[in-house]
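> Provided below: protein_30.cif, containing mmCIF, C-alpha atoms and all ligand atoms.
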```cif
data_run
#
loop_
_atom_site.label_atom_id
_atom_site.label_comp_id
_atom_site.auth_asym_id
_atom_site.auth_seq_id
_atom_site.Cartn_x
_atom_site.Cartn_y
_atom_site.Cartn_z
CA CYS N 10 0.00 0.00 0.00
CA GLY N 11 0.98 3.63 0.12
CA PHE N 12 -0.70 5.18 3.06
CA VAL N 13 0.48 8.12 5.07
CA ALA N 14 -0.96 9.33 8.36
CA ILE N 15 -0.49 12.88 9.57
CA VAL N 16 -0.89 12.85 13.31
CA GLY N 17 -0.84 15.39 16.09
CA ARG N 18 -2.87 17.25 18.66
CA PRO N 19 -5.30 19.90 17.41
CA ASN N 20 -3.90 23.17 16.09
CA VAL N 21 -0.32 22.08 15.39
CA GLY N 22 -0.79 22.68 11.65
CA LYS N 23 -1.73 19.29 10.17
CA SER N 24 -4.31 20.73 7.77
CA THR N 25 -1.99 23.51 6.71
CA LEU N 26 0.77 21.00 6.07
CA LEU N 27 -1.54 18.76 4.13
CA ASN N 28 -2.83 21.65 2.02
CA HIS N 29 0.73 22.66 1.26
CA ILE N 30 1.73 19.13 0.41
CA LEU N 31 -1.18 18.59 -1.88
CA GLY N 32 -0.57 21.95 -3.48
CA GLN N 33 -4.09 23.14 -3.26
CA LYS N 34 -6.74 23.93 -0.74
CA LEU N 35 -8.75 20.95 0.30
CA SER N 36 -11.71 21.02 2.55
CA ILE N 37 -10.31 18.24 4.61
CA THR N 38 -13.07 18.46 7.13
CA SER N 39 -15.16 16.74 4.47
CA ARG N 40 -15.05 13.00 4.78
CA LYS N 41 -15.55 12.54 1.06
CA PRO N 42 -12.57 11.36 -0.90
CA GLN N 43 -11.03 14.21 -2.85
CA THR N 44 -10.69 14.26 -6.58
CA THR N 45 -6.99 15.05 -6.44
CA ARG N 46 -4.38 12.41 -7.15
CA HIS N 47 -3.79 12.16 -3.44
CA GLN N 48 -6.92 11.37 -1.57
CA VAL N 49 -7.79 12.28 1.93
CA LEU N 50 -9.28 9.05 3.14
CA GLY N 51 -10.50 9.94 6.52
CA ILE N 52 -10.04 11.99 9.61
CA LYS N 53 -10.10 10.45 13.01
CA THR N 54 -10.21 12.19 16.34
CA GLU N 55 -9.43 10.31 19.50
CA GLY N 56 -8.98 12.56 22.46
CA PRO N 57 -5.91 14.64 21.72
CA VAL N 58 -4.96 12.48 18.77
CA GLN N 59 -6.09 13.68 15.38
CA ALA N 60 -5.10 11.66 12.37
CA ILE N 61 -5.56 12.47 8.71
CA TYR N 62 -5.17 9.53 6.37
CA VAL N 63 -3.87 10.14 2.89
CA ASP N 64 -3.84 7.67 0.05
CA THR N 65 -0.91 8.05 -2.28
CA PRO N 66 -1.41 7.83 -6.01
CA GLY N 67 -0.76 4.89 -8.23
CA MET N 68 -1.90 2.01 -6.13
CA HIS N 69 -5.64 1.80 -6.02
CA GLU N 70 -6.89 3.56 -9.11
CA GLU N 71 -8.57 0.51 -10.54
CA GLU N 72 -10.01 -0.52 -7.24
CA PRO N 73 -12.43 2.07 -5.96
CA ARG N 74 -14.10 -0.48 -3.73
CA ALA N 75 -10.82 -1.30 -2.10
CA ILE N 76 -10.35 2.40 -1.45
CA ASN N 77 -13.71 2.57 0.24
CA ARG N 78 -12.94 -0.45 2.30
CA TYR N 79 -9.59 0.99 3.27
CA MET N 80 -11.10 4.36 4.00
CA ASN N 81 -13.44 2.86 6.52
CA LYS N 82 -10.71 0.79 8.01
CA ALA N 83 -8.24 3.65 8.21
CA ALA N 84 -10.70 6.08 9.67
CA THR N 85 -12.15 3.72 12.20
CA SER N 86 -9.17 1.71 13.30
CA ALA N 87 -6.39 3.21 15.34
CA LEU N 88 -3.09 4.03 13.70
CA LYS N 89 -2.51 0.71 12.04
CA ASP N 90 -1.67 -0.27 8.51
CA VAL N 91 -0.02 2.95 7.51
CA ASP N 92 3.38 2.92 5.83
CA VAL N 93 4.66 6.05 7.48
CA ALA N 94 3.34 8.51 10.04
CA VAL N 95 4.16 12.19 10.24
CA PHE N 96 3.88 13.37 13.84
CA VAL N 97 3.35 17.13 13.77
CA VAL N 98 4.22 19.28 16.78
CA ASP N 99 4.12 23.05 17.32
CA GLN N 100 7.71 24.31 17.44
CA MET N 101 8.80 24.74 21.06
CA ALA N 102 5.37 24.18 22.57
CA TRP N 103 5.41 20.66 23.99
CA THR N 104 2.26 19.87 25.98
CA THR N 105 0.66 16.97 27.78
CA ALA N 106 -1.55 16.52 24.71
CA ASP N 107 1.59 15.92 22.63
CA GLU N 108 2.73 13.47 25.27
CA MET N 109 -0.56 11.60 24.85
CA VAL N 110 -0.19 11.51 21.08
CA LEU N 111 3.32 10.16 21.54
CA GLU N 112 1.96 7.44 23.79
CA LYS N 113 -0.57 6.53 21.12
CA LEU N 114 2.24 6.29 18.60
CA SER N 115 4.17 3.86 20.75
CA SER N 116 2.11 0.92 19.50
CA LEU N 117 2.81 1.89 15.92
CA LYS N 118 5.02 -0.39 13.85
CA CYS N 119 5.62 2.01 10.99
CA PRO N 120 8.35 4.64 10.98
CA VAL N 121 7.45 7.99 12.53
CA ILE N 122 8.80 11.24 11.14
CA LEU N 123 8.69 14.17 13.54
CA ALA N 124 7.68 17.41 11.84
CA VAL N 125 8.51 20.36 14.08
CA ASN N 126 6.17 22.89 12.56
CA LYS N 127 5.82 26.69 12.84
CA VAL N 128 9.55 27.32 13.13
CA ASP N 129 8.88 30.68 11.43
CA ARG N 130 7.58 31.79 14.83
CA ILE N 131 10.79 31.08 16.68
CA GLU N 132 12.71 34.27 17.32
CA ASN N 133 15.72 32.71 18.94
CA ARG N 134 16.78 29.97 16.56
CA GLU N 135 19.54 28.88 18.91
CA ALA N 136 16.92 27.73 21.40
CA LEU N 137 15.60 25.27 18.83
CA LEU N 138 18.59 22.94 18.92
CA PRO N 139 18.31 21.90 22.58
CA HIS N 140 14.58 21.55 22.07
CA LEU N 141 15.11 19.21 19.10
CA ASP N 142 17.58 17.31 21.22
CA MET N 143 14.96 16.88 23.94
CA LEU N 144 12.42 15.68 21.36
CA SER N 145 14.88 13.20 19.88
CA ARG N 146 15.01 11.43 23.24
CA LYS N 147 11.24 10.91 23.39
CA ARG N 148 11.24 8.00 20.98
CA GLU N 149 13.09 6.76 17.96
CA PHE N 150 12.10 8.97 15.07
CA ALA N 151 13.02 8.12 11.50
CA GLU N 152 13.82 11.79 11.05
CA ILE N 153 13.26 15.09 12.81
CA ILE N 154 12.50 17.94 10.44
CA PRO N 155 11.94 21.56 11.51
CA LEU N 156 9.65 23.27 9.01
CA SER N 157 6.96 25.83 8.43
CA ALA N 158 3.83 24.54 6.74
CA LEU N 159 2.46 28.07 6.49
CA LYS N 160 5.53 29.60 4.86
CA GLY N 161 6.45 26.49 2.91
CA MET N 162 9.85 26.29 4.61
CA ASN N 163 11.87 23.06 4.54
CA LEU N 164 9.13 20.90 3.08
CA GLU N 165 11.44 19.09 0.64
CA PRO N 166 13.23 17.09 3.35
CA LEU N 167 9.84 15.98 4.60
CA GLU N 168 8.87 14.94 1.08
CA SER N 169 12.03 12.85 0.71
CA ALA N 170 11.63 11.33 4.14
CA VAL N 171 8.04 10.28 3.46
CA ASN N 172 8.94 8.86 0.05
CA ARG N 173 11.77 6.88 1.58
CA PHE N 174 9.22 4.76 3.47
CA LEU N 175 6.71 4.29 0.69
CA PRO N 176 6.85 1.43 -1.80
CA GLU N 177 9.00 2.25 -4.79
CA SER N 178 6.10 2.43 -7.20
CA VAL N 179 4.35 5.05 -5.11
CA HIS N 180 5.30 8.66 -4.69
CA PHE N 181 3.54 10.80 -2.19
CA TYR N 182 4.65 13.97 -3.92
CA PRO N 183 4.49 14.48 -7.65
P1 LIG H 1 -4.54 21.32 12.76
O1 LIG H 1 -5.63 21.46 13.76
O2 LIG H 1 -3.41 20.53 13.30
O3 LIG H 1 -5.00 20.81 11.43
O4 LIG H 1 -3.94 22.80 12.54
P2 LIG H 1 -4.24 23.87 11.37
O5 LIG H 1 -3.58 23.47 10.11
O6 LIG H 1 -5.69 24.14 11.34
O7 LIG H 1 -3.44 25.15 11.92
C1 LIG H 1 -3.76 25.76 13.14
C2 LIG H 1 -3.29 27.21 13.11
O8 LIG H 1 -1.87 27.26 13.03
C3 LIG H 1 -3.82 27.98 11.90
O9 LIG H 1 -4.13 29.30 12.32
C4 LIG H 1 -2.64 28.00 10.95
O10 LIG H 1 -2.64 29.11 10.09
C5 LIG H 1 -1.47 28.04 11.91
N1 LIG H 1 -0.24 27.45 11.32
C6 LIG H 1 -0.12 26.25 10.71
N2 LIG H 1 1.13 26.05 10.29
C7 LIG H 1 1.83 27.14 10.62
C8 LIG H 1 3.22 27.55 10.46
O11 LIG H 1 4.07 26.85 9.88
N3 LIG H 1 3.56 28.76 10.98
C9 LIG H 1 2.66 29.57 11.61
N4 LIG H 1 3.11 30.74 12.08
N5 LIG H 1 1.38 29.23 11.78
C10 LIG H 1 0.96 28.05 11.29
#
```
Starting from the coordinates I provided, produce the structure as structure tokens.

Amino acid sequence: CGFVAIVGRPNVGKSTLLNHILGQKLSITSRKPQTTRHQVLGIKTEGPVQAIYVDTPGMHEEEPRAINRYMNKAATSALKDVDVAVFVVDQMAWTTADEMVLEKLSSLKCPVILAVNKVDRIENREALLPHLDMLSRKREFAEIIPLSALKGMNLEPLESAVNRFLPESVHFYP
């Protein structure tokens, strides 16, 4: 498969990141599959954990029923069966809600990429390094990538990181 989950507590910038990634505005609050090449399969909220499931192109085009089946599965099951998860956090603001999301991720078998979003808001960039260091000790992340979804800063490393964990025939980003 080629499924990506974007996970994080509310307000960290998941929708903004997704909109940027997909290159156009999507009304992701709609549960309908989108007509873009990447499809938003479902959105799940579980306490502080919000997950957006994205289907990557190329795998299921001839199998709309399989998509539907997967959509239901992805949106109703916990974070299983995804190839790679992007855990989004809000720059230096680490809260108990993030801690709870992290706990939820602990059962996950797939690689987790940590996206440290909203770095455009950090005035003292030097303070970011020790913070990233602290985050790196929370669990084993495939990669830790500071970025700004709003300003479109440093999104390429995230693209490469995500693609690294998807099957070769599938590319999350065109
Ligand atoms: P979600 O609840 O995780 O999907 O978060 P949203 O994407 O709705 O973003 C929450 C708020 O954070 C919105 O006001 C966004 O404009 C803002 N936001 C998202 N990404 C960034 C960023 O990189 N920098 C800044 N400064 N604000 C951002």
> Between N:Leu138, N:Val16, N:Leu175, N:Glu152, which one has atoms that come closest to Ala60 of chain N, using only C-alpha atoms?
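The closest residue to Ala60 of chain N is N:Val16.
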> Could I get the residues of chain N with an atom no further than 6 Å from an atom of ligand LIG 1 (chain H), each paired with its nearest atom pair and that distance in Å to one decimal, using only C-alpha atoms and all ligand atoms, sorted by chain and residue number, as CSV?

```
residue,atom,partner,partner_atom,distance
N:Pro19,CA,H:LIG1,O1,4.0
N:Asn20,CA,H:LIG1,O1,3.4
N:Val21,CA,H:LIG1,O2,4.0
N:Gly22,CA,H:LIG1,O4,3.3
N:Lys23,CA,H:LIG1,O2,3.8
N:Ser24,CA,H:LIG1,O5,3.7
N:Thr25,CA,H:LIG1,O5,3.8
N:Asn126,CA,H:LIG1,O11,5.2
N:Lys127,CA,H:LIG1,O11,3.4
N:Asp129,CA,H:LIG1,N3,5.7
N:Arg130,CA,H:LIG1,N4,5.4
N:Ser157,CA,H:LIG1,O11,3.4
N:Ala158,CA,H:LIG1,O11,3.9
N:Leu159,CA,H:LIG1,O11,3.9
N:Lys160,CA,H:LIG1,O11,5.9
```
> Keeping C-alpha atoms, export the residues of the selection given above as an mmCIF file, in the coordinates of the input.

```
data_model
loop_
_atom_site.group_PDB
_atom_site.id
_atom_site.type_symbol
_atom_site.label_atom_id
_atom_site.label_comp_id
_atom_site.auth_asym_id
_atom_site.auth_seq_id
_atom_site.Cartn_x
_atom_site.Cartn_y
_atom_site.Cartn_z
ATOM 1 C CA PRO N 19 -5.300 19.900 17.410
ATOM 2 C CA ASN N 20 -3.900 23.170 16.090
ATOM 3 C CA VAL N 21 -0.320 22.080 15.390
ATOM 4 C CA GLY N 22 -0.790 22.680 11.650
ATOM 5 C CA LYS N 23 -1.730 19.290 10.170
ATOM 6 C CA SER N 24 -4.310 20.730 7.770
ATOM 7 C CA THR N 25 -1.990 23.510 6.710
ATOM 8 C CA ASN N 126 6.170 22.890 12.560
ATOM 9 C CA LYS N 127 5.820 26.690 12.840
ATOM 10 C CA ASP N 129 8.880 30.680 11.430
ATOM 11 C CA ARG N 130 7.580 31.790 14.830
ATOM 12 C CA SER N 157 6.960 25.830 8.430
ATOM 13 C CA ALA N 158 3.830 24.540 6.740
ATOM 14 C CA LEU N 159 2.460 28.070 6.490
ATOM 15 C CA LYS N 160 5.530 29.600 4.860
#
```
> Record the distance separating atom CA of Glu165 of chain N and atom CA of Met143 of chain N, expressed in Å with one decimal.
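Distance between the two atoms: 23.7 Å.
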> Hey, can you check how far atom CA of Val97 of chain N sits from atom CA of Lys113 of chain N?
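Calculated distance between atom CA of Val97 of chain N and atom CA of Lys113 of chain N is 13.5 Å.
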> Which residue, N:Phe12, N:Phe174, N:Tyr62, N:Phe150, has the smallest gap to Val91 of chain N when you use only C-alpha atoms?
N:Phe12
> Can you pull out every residue within 12 Å of Ser145 of chain N, counting all atoms listed in the file, but drop anything in the same chain fewer than 5 positions away, and send it as JSON, numbers by chain?
{"N": [121, 122, 123, 124, 125, 138, 139, 140, 150, 151, 152, 153, 154]}
> Rank N:Val93, N:Cys119, N:Leu156, N:Met101 by their smallest atom-to-atom distance to Glu132 of chain N, using all atoms listed in the file, and report the top residue only.
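Answer, going by the shortest atom-to-atom distance: N:Met101.
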> Would you please work out which residue, of N:Gly161, N:Leu167, N:Asp99, N:Thr54, is nearest to His29 of chain N when using all atoms listed in the file?
N:Gly161
> Let me make sure I understand: among N:Ile61, N:Ile52, N:Leu144, N:Ile15, which one has the smallest atom-to-atom distance to Val95 of chain N if we use all atoms listed in the file?
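Closest residue, counting all atoms listed in the file: N:Ile15.
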> Using Å and a single decimal, report how far atom CA of Pro57 of chain N sits from atom CA of Ala136 of chain N.
26.3 Å
> Out of N:Lys118, N:Ile30, N:Asp92, N:Val13, which residue has the shortest atom-to-atom distance to Asn163 of chain N when counting only C-alpha atoms?
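Smallest distance to Asn163 of chain N is found for N:Ile30.
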